[in-house]
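The structure appears below as structure tokens.
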Amino acid sequence: PVGRVPLMAGNWKMNLDHLQATHLVQKLDWTLRDAKHDHAAVEVAVLPPFTDLRSVQTLVEGDKLDLRYGGQDLSPHSSGAYTGDISGAFLAKLGCTYVAVGHSERREGHGETDAVVNAKVKAAYAHGLTPILCCGEGLDVRKEGRQVEHVVAQLRANLEGVTKEQAASVVIAYEPIWAIGTGEVATPDDAQEVCAAIRTLLAELYSGDVADGVRVLYGGSVKANNVAAIMAQEDVDGALVGGASIDPAEFASICRYRD
Ligand code: PEP
């Protein structure tokens, strides 16, 4: 990824309470410190459950840890009668840098349409958060060979009305649904094909500069033993890591994929 700082983001999903979160962040930090990890060369972020964020903030700010964090979702609204939802304003107030938007587990399990995802991307920007916009095809689409077409259509809809200035900072995560939590990792060529197509779309929608600068991550059963081959692909600028991110040693190894 010439000129782009790789990002390794751990999506904890609904795992780890706030005490366990503190332990994991401490262990991750110690492991990376021991390895003299250069955070300017490979950025590290975690996306804990909402209820952990205050504890993570206290640790990161108190101990001045070189670690970014964010939410796994946000409301499209800023405040009001939306029981159970979380505003981007609250995430920003807790020091979040990132927020995942449109994860397949939200799209599938919570009926989030492309229009809802689009509204959430805009809400993230309205509150100064950087969206990690997730996209990806299911197995049926992959079997028909329509993965590029599918992902491009998703992103066109999800980025509708997002300005060039905003898009310059977006992070896109390509996550083929058939590879999430299944142990079935996409081949490096599969990842490269769609990540390259995403960059081509960004050039068409915005500009070559935006396309060159945006980080496109791969997600789907990334582990310490397969990350290097995926990261060797020209258009892959990092990983969104689920299962392997709640093991601090494994996640630290993923962040240290260059070793
Ligand atoms: C994810 O949840 O974004 C993910 C990629 O999960 P896993 O790494 O467990 O496949």
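Within each chain, counting starts at residue 1; across the structure tokens, chains are named A, B, ... in the order shown, with ligands numbered 1 upward in that order.
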Run DSSP on the backbone of this structure and report the residues of region 18-211 of chain A it assigns to strand (DSSP E or B), as a list in words.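 Put together, the selection reads Glu43, Val44, Ala45, Val46, Leu47, Arg68, Tyr69, Gly70, Gly71, Tyr98, Val99, Ala100, Val101, Thr130, Pro131, Ile132, Leu133, Cys134, Cys135, Val171, Ile172, Ala173 and Tyr174 of chain A.
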Near Val117 (chain A), within 10 Å and counting only C-alpha atoms, which residues show up once chain neighbours fewer than 6 positions away are dropped, as a list in words? Asp73, Leu74, Ser75, Pro76, Val101, Gly102, His103, Arg106, Arg107, Ala123, Leu133, Cys134, Gln154, Leu155, Ala157, Asn158 and Leu159 of chain A
Could you build a table of the residues in chain A lying no more than 9 Å from ligand 1, giving for each the nearest pair of atoms and their separation in Å rounded to one decimal place, using only C-alpha atoms and all ligand atoms, ordered by chain and ascending residue number, as JSON lines?
```
{"residue": "A:Ala9", "atom": "CA", "partner": "ligand 1", "partner_atom_place_in_ligand_line": "3 (O)", "distance": 8.9}
{"residue": "A:Gly10", "atom": "CA", "partner": "ligand 1", "partner_atom_place_in_ligand_line": "3 (O)", "distance": 7.9}
{"residue": "A:Asn11", "atom": "CA", "partner": "ligand 1", "partner_atom_place_in_ligand_line": "2 (O)", "distance": 5.7}
{"residue": "A:Trp12", "atom": "CA", "partner": "ligand 1", "partner_atom_place_in_ligand_line": "2 (O)", "distance": 7.5}
{"residue": "A:Lys13", "atom": "CA", "partner": "ligand 1", "partner_atom_place_in_ligand_line": "2 (O)", "distance": 6.6}
{"residue": "A:His103", "atom": "CA", "partner": "ligand 1", "partner_atom_place_in_ligand_line": "3 (O)", "distance": 6.9}
{"residue": "A:Ser104", "atom": "CA", "partner": "ligand 1", "partner_atom_place_in_ligand_line": "3 (O)", "distance": 8.0}
{"residue": "A:Glu105", "atom": "CA", "partner": "ligand 1", "partner_atom_place_in_ligand_line": "2 (O)", "distance": 7.7}
{"residue": "A:Cys134", "atom": "CA", "partner": "ligand 1", "partner_atom_place_in_ligand_line": "3 (O)", "distance": 8.1}
{"residue": "A:Ala173", "atom": "CA", "partner": "ligand 1", "partner_atom_place_in_ligand_line": "3 (O)", "distance": 8.3}
{"residue": "A:Glu175", "atom": "CA", "partner": "ligand 1", "partner_atom_place_in_ligand_line": "5 (C)", "distance": 6.3}
{"residue": "A:Pro176", "atom": "CA", "partner": "ligand 1", "partner_atom_place_in_ligand_line": "5 (C)", "distance": 8.5}
{"residue": "A:Ile177", "atom": "CA", "partner": "ligand 1", "partner_atom_place_in_ligand_line": "5 (C)", "distance": 8.5}
{"residue": "A:Trp178", "atom": "CA", "partner": "ligand 1", "partner_atom_place_in_ligand_line": "10 (O)", "distance": 8.9}
{"residue": "A:Ala179", "atom": "CA", "partner": "ligand 1", "partner_atom_place_in_ligand_line": "10 (O)", "distance": 5.9}
{"residue": "A:Ile180", "atom": "CA", "partner": "ligand 1", "partner_atom_place_in_ligand_line": "10 (O)", "distance": 3.4}
{"residue": "A:Gly181", "atom": "CA", "partner": "ligand 1", "partner_atom_place_in_ligand_line": "10 (O)", "distance": 3.6}
{"residue": "A:Thr182", "atom": "CA", "partner": "ligand 1", "partner_atom_place_in_ligand_line": "10 (O)", "distance": 6.3}
{"residue": "A:Gly183", "atom": "CA", "partner": "ligand 1", "partner_atom_place_in_ligand_line": "10 (O)", "distance": 6.7}
{"residue": "A:Glu184", "atom": "CA", "partner": "ligand 1", "partner_atom_place_in_ligand_line": "10 (O)", "distance": 8.1}
{"residue": "A:Val185", "atom": "CA", "partner": "ligand 1", "partner_atom_place_in_ligand_line": "10 (O)", "distance": 7.8}
{"residue": "A:Tyr218", "atom": "CA", "partner": "ligand 1", "partner_atom_place_in_ligand_line": "5 (C)", "distance": 7.8}
{"residue": "A:Gly219", "atom": "CA", "partner": "ligand 1", "partner_atom_place_in_ligand_line": "5 (C)", "distance": 4.1}
{"residue": "A:Gly220", "atom": "CA", "partner": "ligand 1", "partner_atom_place_in_ligand_line": "10 (O)", "distance": 3.8}
{"residue": "A:Ser221", "atom": "CA", "partner": "ligand 1", "partner_atom_place_in_ligand_line": "10 (O)", "distance": 3.5}
{"residue": "A:Val222", "atom": "CA", "partner": "ligand 1", "partner_atom_place_in_ligand_line": "8 (O)", "distance": 5.2}
{"residue": "A:Lys223", "atom": "CA", "partner": "ligand 1", "partner_atom_place_in_ligand_line": "8 (O)", "distance": 7.5}
{"residue": "A:Ala239", "atom": "CA", "partner": "ligand 1", "partner_atom_place_in_ligand_line": "5 (C)", "distance": 8.0}
{"residue": "A:Leu240", "atom": "CA", "partner": "ligand 1", "partner_atom_place_in_ligand_line": "3 (O)", "distance": 5.3}
{"residue": "A:Val241", "atom": "CA", "partner": "ligand 1", "partner_atom_place_in_ligand_line": "8 (O)", "distance": 4.2}
{"residue": "A:Gly242", "atom": "CA", "partner": "ligand 1", "partner_atom_place_in_ligand_line": "6 (O)", "distance": 3.4}
{"residue": "A:Gly243", "atom": "CA", "partner": "ligand 1", "partner_atom_place_in_ligand_line": "9 (O)", "distance": 3.7}
{"residue": "A:Ala244", "atom": "CA", "partner": "ligand 1", "partner_atom_place_in_ligand_line": "8 (O)", "distance": 6.1}
{"residue": "A:Ser245", "atom": "CA", "partner": "ligand 1", "partner_atom_place_in_ligand_line": "8 (O)", "distance": 7.5}
```
Output C-alpha atoms of each residue in that selection to a file, as a PDB file, in the first residue's frame.
```pdb
ATOM      1  CA  ALA A   9      -8.726  -2.790  13.415  1.00  0.00           C
ATOM      2  CA  GLY A  10     -10.072  -5.338  15.880  1.00  0.00           C
ATOM      3  CA  ASN A  11     -13.835  -5.787  15.828  1.00  0.00           C
ATOM      4  CA  TRP A  12     -14.569  -7.436  19.170  1.00  0.00           C
ATOM      5  CA  LYS A  13     -18.237  -7.931  18.275  1.00  0.00           C
ATOM      6  CA  HIS A 103     -21.116  -4.495   9.142  1.00  0.00           C
ATOM      7  CA  SER A 104     -22.772  -7.539   7.567  1.00  0.00           C
ATOM      8  CA  GLU A 105     -23.983  -8.617  11.017  1.00  0.00           C
ATOM      9  CA  CYS A 134     -18.127  -2.375   5.597  1.00  0.00           C
ATOM     10  CA  ALA A 173     -13.586  -2.692   4.741  1.00  0.00           C
ATOM     11  CA  GLU A 175     -15.622  -8.331   4.018  1.00  0.00           C
ATOM     12  CA  PRO A 176     -16.975 -11.219   1.960  1.00  0.00           C
ATOM     13  CA  ILE A 177     -19.769 -12.562   4.161  1.00  0.00           C
ATOM     14  CA  TRP A 178     -18.855 -16.181   3.403  1.00  0.00           C
ATOM     15  CA  ALA A 179     -15.439 -15.555   4.978  1.00  0.00           C
ATOM     16  CA  ILE A 180     -16.603 -13.906   8.215  1.00  0.00           C
ATOM     17  CA  GLY A 181     -16.220 -16.116  11.243  1.00  0.00           C
ATOM     18  CA  THR A 182     -16.161 -19.216   9.044  1.00  0.00           C
ATOM     19  CA  GLY A 183     -12.408 -19.874   8.972  1.00  0.00           C
ATOM     20  CA  GLU A 184     -12.743 -19.612   5.186  1.00  0.00           C
ATOM     21  CA  VAL A 185     -10.386 -16.799   4.233  1.00  0.00           C
ATOM     22  CA  TYR A 218      -9.869  -6.816   4.000  1.00  0.00           C
ATOM     23  CA  GLY A 219     -11.890  -8.688   6.612  1.00  0.00           C
ATOM     24  CA  GLY A 220     -12.861 -12.329   6.931  1.00  0.00           C
ATOM     25  CA  SER A 221     -11.054 -14.926   9.057  1.00  0.00           C
ATOM     26  CA  VAL A 222      -7.798 -12.958   9.148  1.00  0.00           C
ATOM     27  CA  LYS A 223      -5.275 -14.657  11.446  1.00  0.00           C
ATOM     28  CA  ALA A 239      -7.504  -5.775   8.040  1.00  0.00           C
ATOM     29  CA  LEU A 240     -10.729  -5.699   9.979  1.00  0.00           C
ATOM     30  CA  VAL A 241     -10.240  -8.599  12.355  1.00  0.00           C
ATOM     31  CA  GLY A 242     -13.071 -10.260  14.260  1.00  0.00           C
ATOM     32  CA  GLY A 243     -12.433 -13.510  16.139  1.00  0.00           C
ATOM     33  CA  ALA A 244      -8.644 -13.177  16.209  1.00  0.00           C
ATOM     34  CA  SER A 245      -8.798  -9.681  17.720  1.00  0.00           C
TER      35      SER A 245
END
```
Selection: 12 Å around Lys36 (chain A), only C-alpha atoms, excl. self and same-chain fewer than 4 positions, as a ChimeraX atom specification: /A:29-32,40-42,66,252,255-256,259
Selection to disk with C-alpha atoms, as an mmCIF file, in the first residue's frame:
```
data_model
loop_
_atom_site.group_PDB
_atom_site.id
_atom_site.type_symbol
_atom_site.label_atom_id
_atom_site.label_comp_id
_atom_site.auth_asym_id
_atom_site.auth_seq_id
_atom_site.Cartn_x
_atom_site.Cartn_y
_atom_site.Cartn_z
ATOM 1 C CA ASP A 29 -0.167 -2.623 24.604
ATOM 2 C CA TRP A 30 2.524 -4.570 26.517
ATOM 3 C CA THR A 31 3.009 -6.982 23.629
ATOM 4 C CA LEU A 32 3.310 -4.196 21.065
ATOM 5 C CA ALA A 40 3.168 5.467 12.731
ATOM 6 C CA ALA A 41 4.028 2.592 10.375
ATOM 7 C CA VAL A 42 1.070 0.324 11.190
ATOM 8 C CA ASP A 66 -0.805 4.622 21.186
ATOM 9 C CA ALA A 252 -0.508 -8.231 18.164
ATOM 10 C CA CYS A 255 -0.365 -5.962 13.711
ATOM 11 C CA ARG A 256 3.276 -7.169 13.429
ATOM 12 C CA ASP A 259 8.095 -9.308 11.258
#
```
Region 86-182 of chain A: residues DSSP assigns to alpha helix (DSSP H), reported as an MDAnalysis selection string: chainID A and resid 88:93 104:109 114:126 139:143 147:158 164:167
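Shortest atom-to-atom contact with His37 (chain A) among A:Ala89, A:Leu67, A:Ala21, A:Met14: A:Leu67, counting only C-alpha atoms.
For the choices A:Cys135, A:Ala168, A:Val56, A:Ala186, the atom-to-atom distance to Gly208 (chain A) is smallest for A:Ala168 when using only C-alpha atoms.
Minimum atom-to-atom distances from A:Arg199, A:Lys143, A:Arg215, A:Lys27 to Leu7 (chain A) were compared using only C-alpha atoms, and the lowest value belongs to A:Arg215.
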Write out as a PyMOL selection string each polymer residue whose atoms come within 12 Å of Gly88 (chain A), counting only C-alpha atoms; drop sequence neighbours fewer than 4 positions from it. chain A and resi 50+70-79+92-101+119-131
Write the residues of the selection above to a file with N, CA and C atoms, as a compact mmCIF listing (two decimals), in the first residue's frame.
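Output (again38.txt):
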```
# COMPACT_ATOMS: atom_id res chain seq x y z
N PHE A 50 -20.07 -0.96 23.15
CA PHE A 50 -20.28 0.40 23.68
C PHE A 50 -19.96 0.50 25.17
N GLY A 70 -12.96 2.79 18.68
CA GLY A 70 -14.21 3.30 18.12
C GLY A 70 -15.36 2.37 18.41
N GLY A 71 -16.55 2.76 17.96
CA GLY A 71 -17.75 1.97 18.16
C GLY A 71 -17.95 0.98 17.01
N GLN A 72 -18.88 0.06 17.23
CA GLN A 72 -19.19 -0.94 16.20
C GLN A 72 -20.40 -0.54 15.36
N ASP A 73 -21.04 0.56 15.76
CA ASP A 73 -22.26 1.01 15.09
C ASP A 73 -22.59 2.38 15.66
N LEU A 74 -23.49 3.11 15.05
CA LEU A 74 -24.02 4.35 15.63
C LEU A 74 -25.41 4.58 15.06
N SER A 75 -26.15 5.46 15.71
CA SER A 75 -27.48 5.82 15.21
C SER A 75 -27.34 6.81 14.06
N PRO A 76 -28.27 6.78 13.12
CA PRO A 76 -28.25 7.84 12.10
C PRO A 76 -28.69 9.19 12.67
N HIS A 77 -29.29 9.18 13.89
CA HIS A 77 -29.78 10.40 14.50
C HIS A 77 -28.80 10.92 15.56
N SER A 78 -28.91 12.19 15.90
CA SER A 78 -27.99 12.78 16.87
C SER A 78 -28.46 12.60 18.30
N SER A 79 -29.78 12.66 18.51
CA SER A 79 -30.33 12.48 19.86
C SER A 79 -31.84 12.32 19.72
N ALA A 92 -18.01 10.30 20.03
CA ALA A 92 -16.98 11.35 19.88
C ALA A 92 -16.55 11.85 21.27
N LYS A 93 -17.53 12.02 22.15
CA LYS A 93 -17.25 12.52 23.50
C LYS A 93 -16.34 11.56 24.28
N LEU A 94 -16.43 10.27 23.93
CA LEU A 94 -15.59 9.25 24.59
C LEU A 94 -14.25 9.08 23.89
N GLY A 95 -13.93 9.97 22.98
CA GLY A 95 -12.60 9.92 22.36
C GLY A 95 -12.48 8.93 21.22
N CYS A 96 -13.61 8.45 20.71
CA CYS A 96 -13.54 7.51 19.58
C CYS A 96 -13.00 8.21 18.33
N THR A 97 -12.17 7.50 17.60
CA THR A 97 -11.70 7.97 16.29
C THR A 97 -12.60 7.38 15.21
N TYR A 98 -12.92 6.10 15.37
CA TYR A 98 -13.61 5.35 14.32
C TYR A 98 -15.00 4.90 14.74
N VAL A 99 -15.78 4.54 13.75
CA VAL A 99 -17.03 3.80 14.01
C VAL A 99 -17.28 2.90 12.80
N ALA A 100 -17.51 1.62 13.08
CA ALA A 100 -17.86 0.70 12.00
C ALA A 100 -19.29 0.99 11.56
N VAL A 101 -19.51 0.97 10.27
CA VAL A 101 -20.85 1.22 9.73
C VAL A 101 -21.15 0.14 8.68
N ALA A 119 -27.12 6.82 5.77
CA ALA A 119 -27.45 7.82 6.81
C ALA A 119 -26.46 7.72 7.97
N LYS A 120 -26.02 6.51 8.28
CA LYS A 120 -25.06 6.32 9.37
C LYS A 120 -23.68 6.86 9.00
N VAL A 121 -23.29 6.68 7.76
CA VAL A 121 -22.00 7.24 7.30
C VAL A 121 -22.03 8.76 7.48
N LYS A 122 -23.14 9.37 7.07
CA LYS A 122 -23.26 10.83 7.20
C LYS A 122 -23.27 11.26 8.66
N ALA A 123 -23.93 10.46 9.52
CA ALA A 123 -23.97 10.77 10.96
C ALA A 123 -22.55 10.70 11.54
N ALA A 124 -21.77 9.72 11.10
CA ALA A 124 -20.39 9.60 11.59
C ALA A 124 -19.63 10.88 11.27
N TYR A 125 -19.71 11.34 10.04
CA TYR A 125 -19.01 12.58 9.67
C TYR A 125 -19.55 13.79 10.43
N ALA A 126 -20.85 13.82 10.64
CA ALA A 126 -21.45 14.97 11.34
C ALA A 126 -20.88 15.10 12.76
N HIS A 127 -20.42 13.99 13.32
CA HIS A 127 -19.88 14.01 14.69
C HIS A 127 -18.36 13.89 14.73
N GLY A 128 -17.72 14.05 13.58
CA GLY A 128 -16.26 14.05 13.55
C GLY A 128 -15.63 12.67 13.69
N LEU A 129 -16.42 11.63 13.41
CA LEU A 129 -15.89 10.25 13.48
C LEU A 129 -15.52 9.78 12.07
N THR A 130 -14.55 8.89 12.01
CA THR A 130 -14.17 8.30 10.73
C THR A 130 -14.90 6.97 10.56
N PRO A 131 -15.77 6.88 9.56
CA PRO A 131 -16.47 5.61 9.36
C PRO A 131 -15.55 4.53 8.78
```
Shortest contact to Arg68 (chain A), candidates A:Glu108, A:Glu43, A:Asp114, A:Asp237, atoms counted only C-alpha atoms, goes to A:Glu43
Just want the 12 Å neighbourhood of Gln20 (chain A), counted on only C-alpha atoms, with same-chain residues fewer than 3 positions away dropped. Output as a PyMOL selection string. chain A and resi 12+15-17+23-27+48-49+51-53+55-56+246-248
Selected residue, from A:Thr163, A:Gln57, A:Gln147, A:Asn225, that lies nearest to Glu193 (chain A) when counting only C-alpha atoms: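 Residue with the minimum atom-to-atom distance to Glu193 (chain A): A:Gln147.
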12 Å contact set for Arg146 (chain A), only C-alpha atoms, chain neighbours under 6 positions out, as a PyMOL selection string: chain A and resi 136-140+152-153+176+193-194
How would the residues just chosen look if you wrote them out with C-alpha atoms as a PDB file, in the first residue's frame?
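Written file, part.pdb:
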```
ATOM      1  CA  GLY A 136     -19.141  -7.483   0.920  1.00  0.00           C
ATOM      2  CA  GLU A 137     -21.043 -10.176  -0.935  1.00  0.00           C
ATOM      3  CA  GLY A 138     -22.719 -13.360   0.248  1.00  0.00           C
ATOM      4  CA  LEU A 139     -21.891 -16.825  -1.013  1.00  0.00           C
ATOM      5  CA  ASP A 140     -24.630 -16.860  -3.665  1.00  0.00           C
ATOM      6  CA  VAL A 152     -19.685  -1.405  -6.159  1.00  0.00           C
ATOM      7  CA  ALA A 153     -23.495  -1.071  -6.012  1.00  0.00           C
ATOM      8  CA  PRO A 176     -16.975 -11.219   1.960  1.00  0.00           C
ATOM      9  CA  GLU A 193      -9.726  -8.061  -7.039  1.00  0.00           C
ATOM     10  CA  VAL A 194     -12.465  -6.391  -5.000  1.00  0.00           C
TER      11      VAL A 194
END
```
Pick out the residues sitting within 8 Å of Ala224 (chain A), and hand them over as a list in words; count only C-alpha atoms, and ignore anything fewer than 6 positions along from it in its own chain.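 The contact residues come out as Glu250, Phe251, Ser253, Ile254 and Tyr257 of chain A.
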Next, dump the selected residues to file, keeping only C-alpha atoms, as a PDB file, in the first residue's frame.
```
ATOM      1  CA  GLU A 250      -2.781 -13.190  18.061  1.00  0.00           C
ATOM      2  CA  PHE A 251      -3.955  -9.646  17.311  1.00  0.00           C
ATOM      3  CA  SER A 253       1.025 -10.753  15.721  1.00  0.00           C
ATOM      4  CA  ILE A 254      -1.423  -9.577  13.061  1.00  0.00           C
ATOM      5  CA  TYR A 257       2.688  -8.909  10.075  1.00  0.00           C
TER       6      TYR A 257
END
```
Would you work out the distance separating CA of Val141 (chain A) from CA of Met231 (chain A), expressed in Å to one decimal?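 Distance between the two atoms: 24.4 Å.
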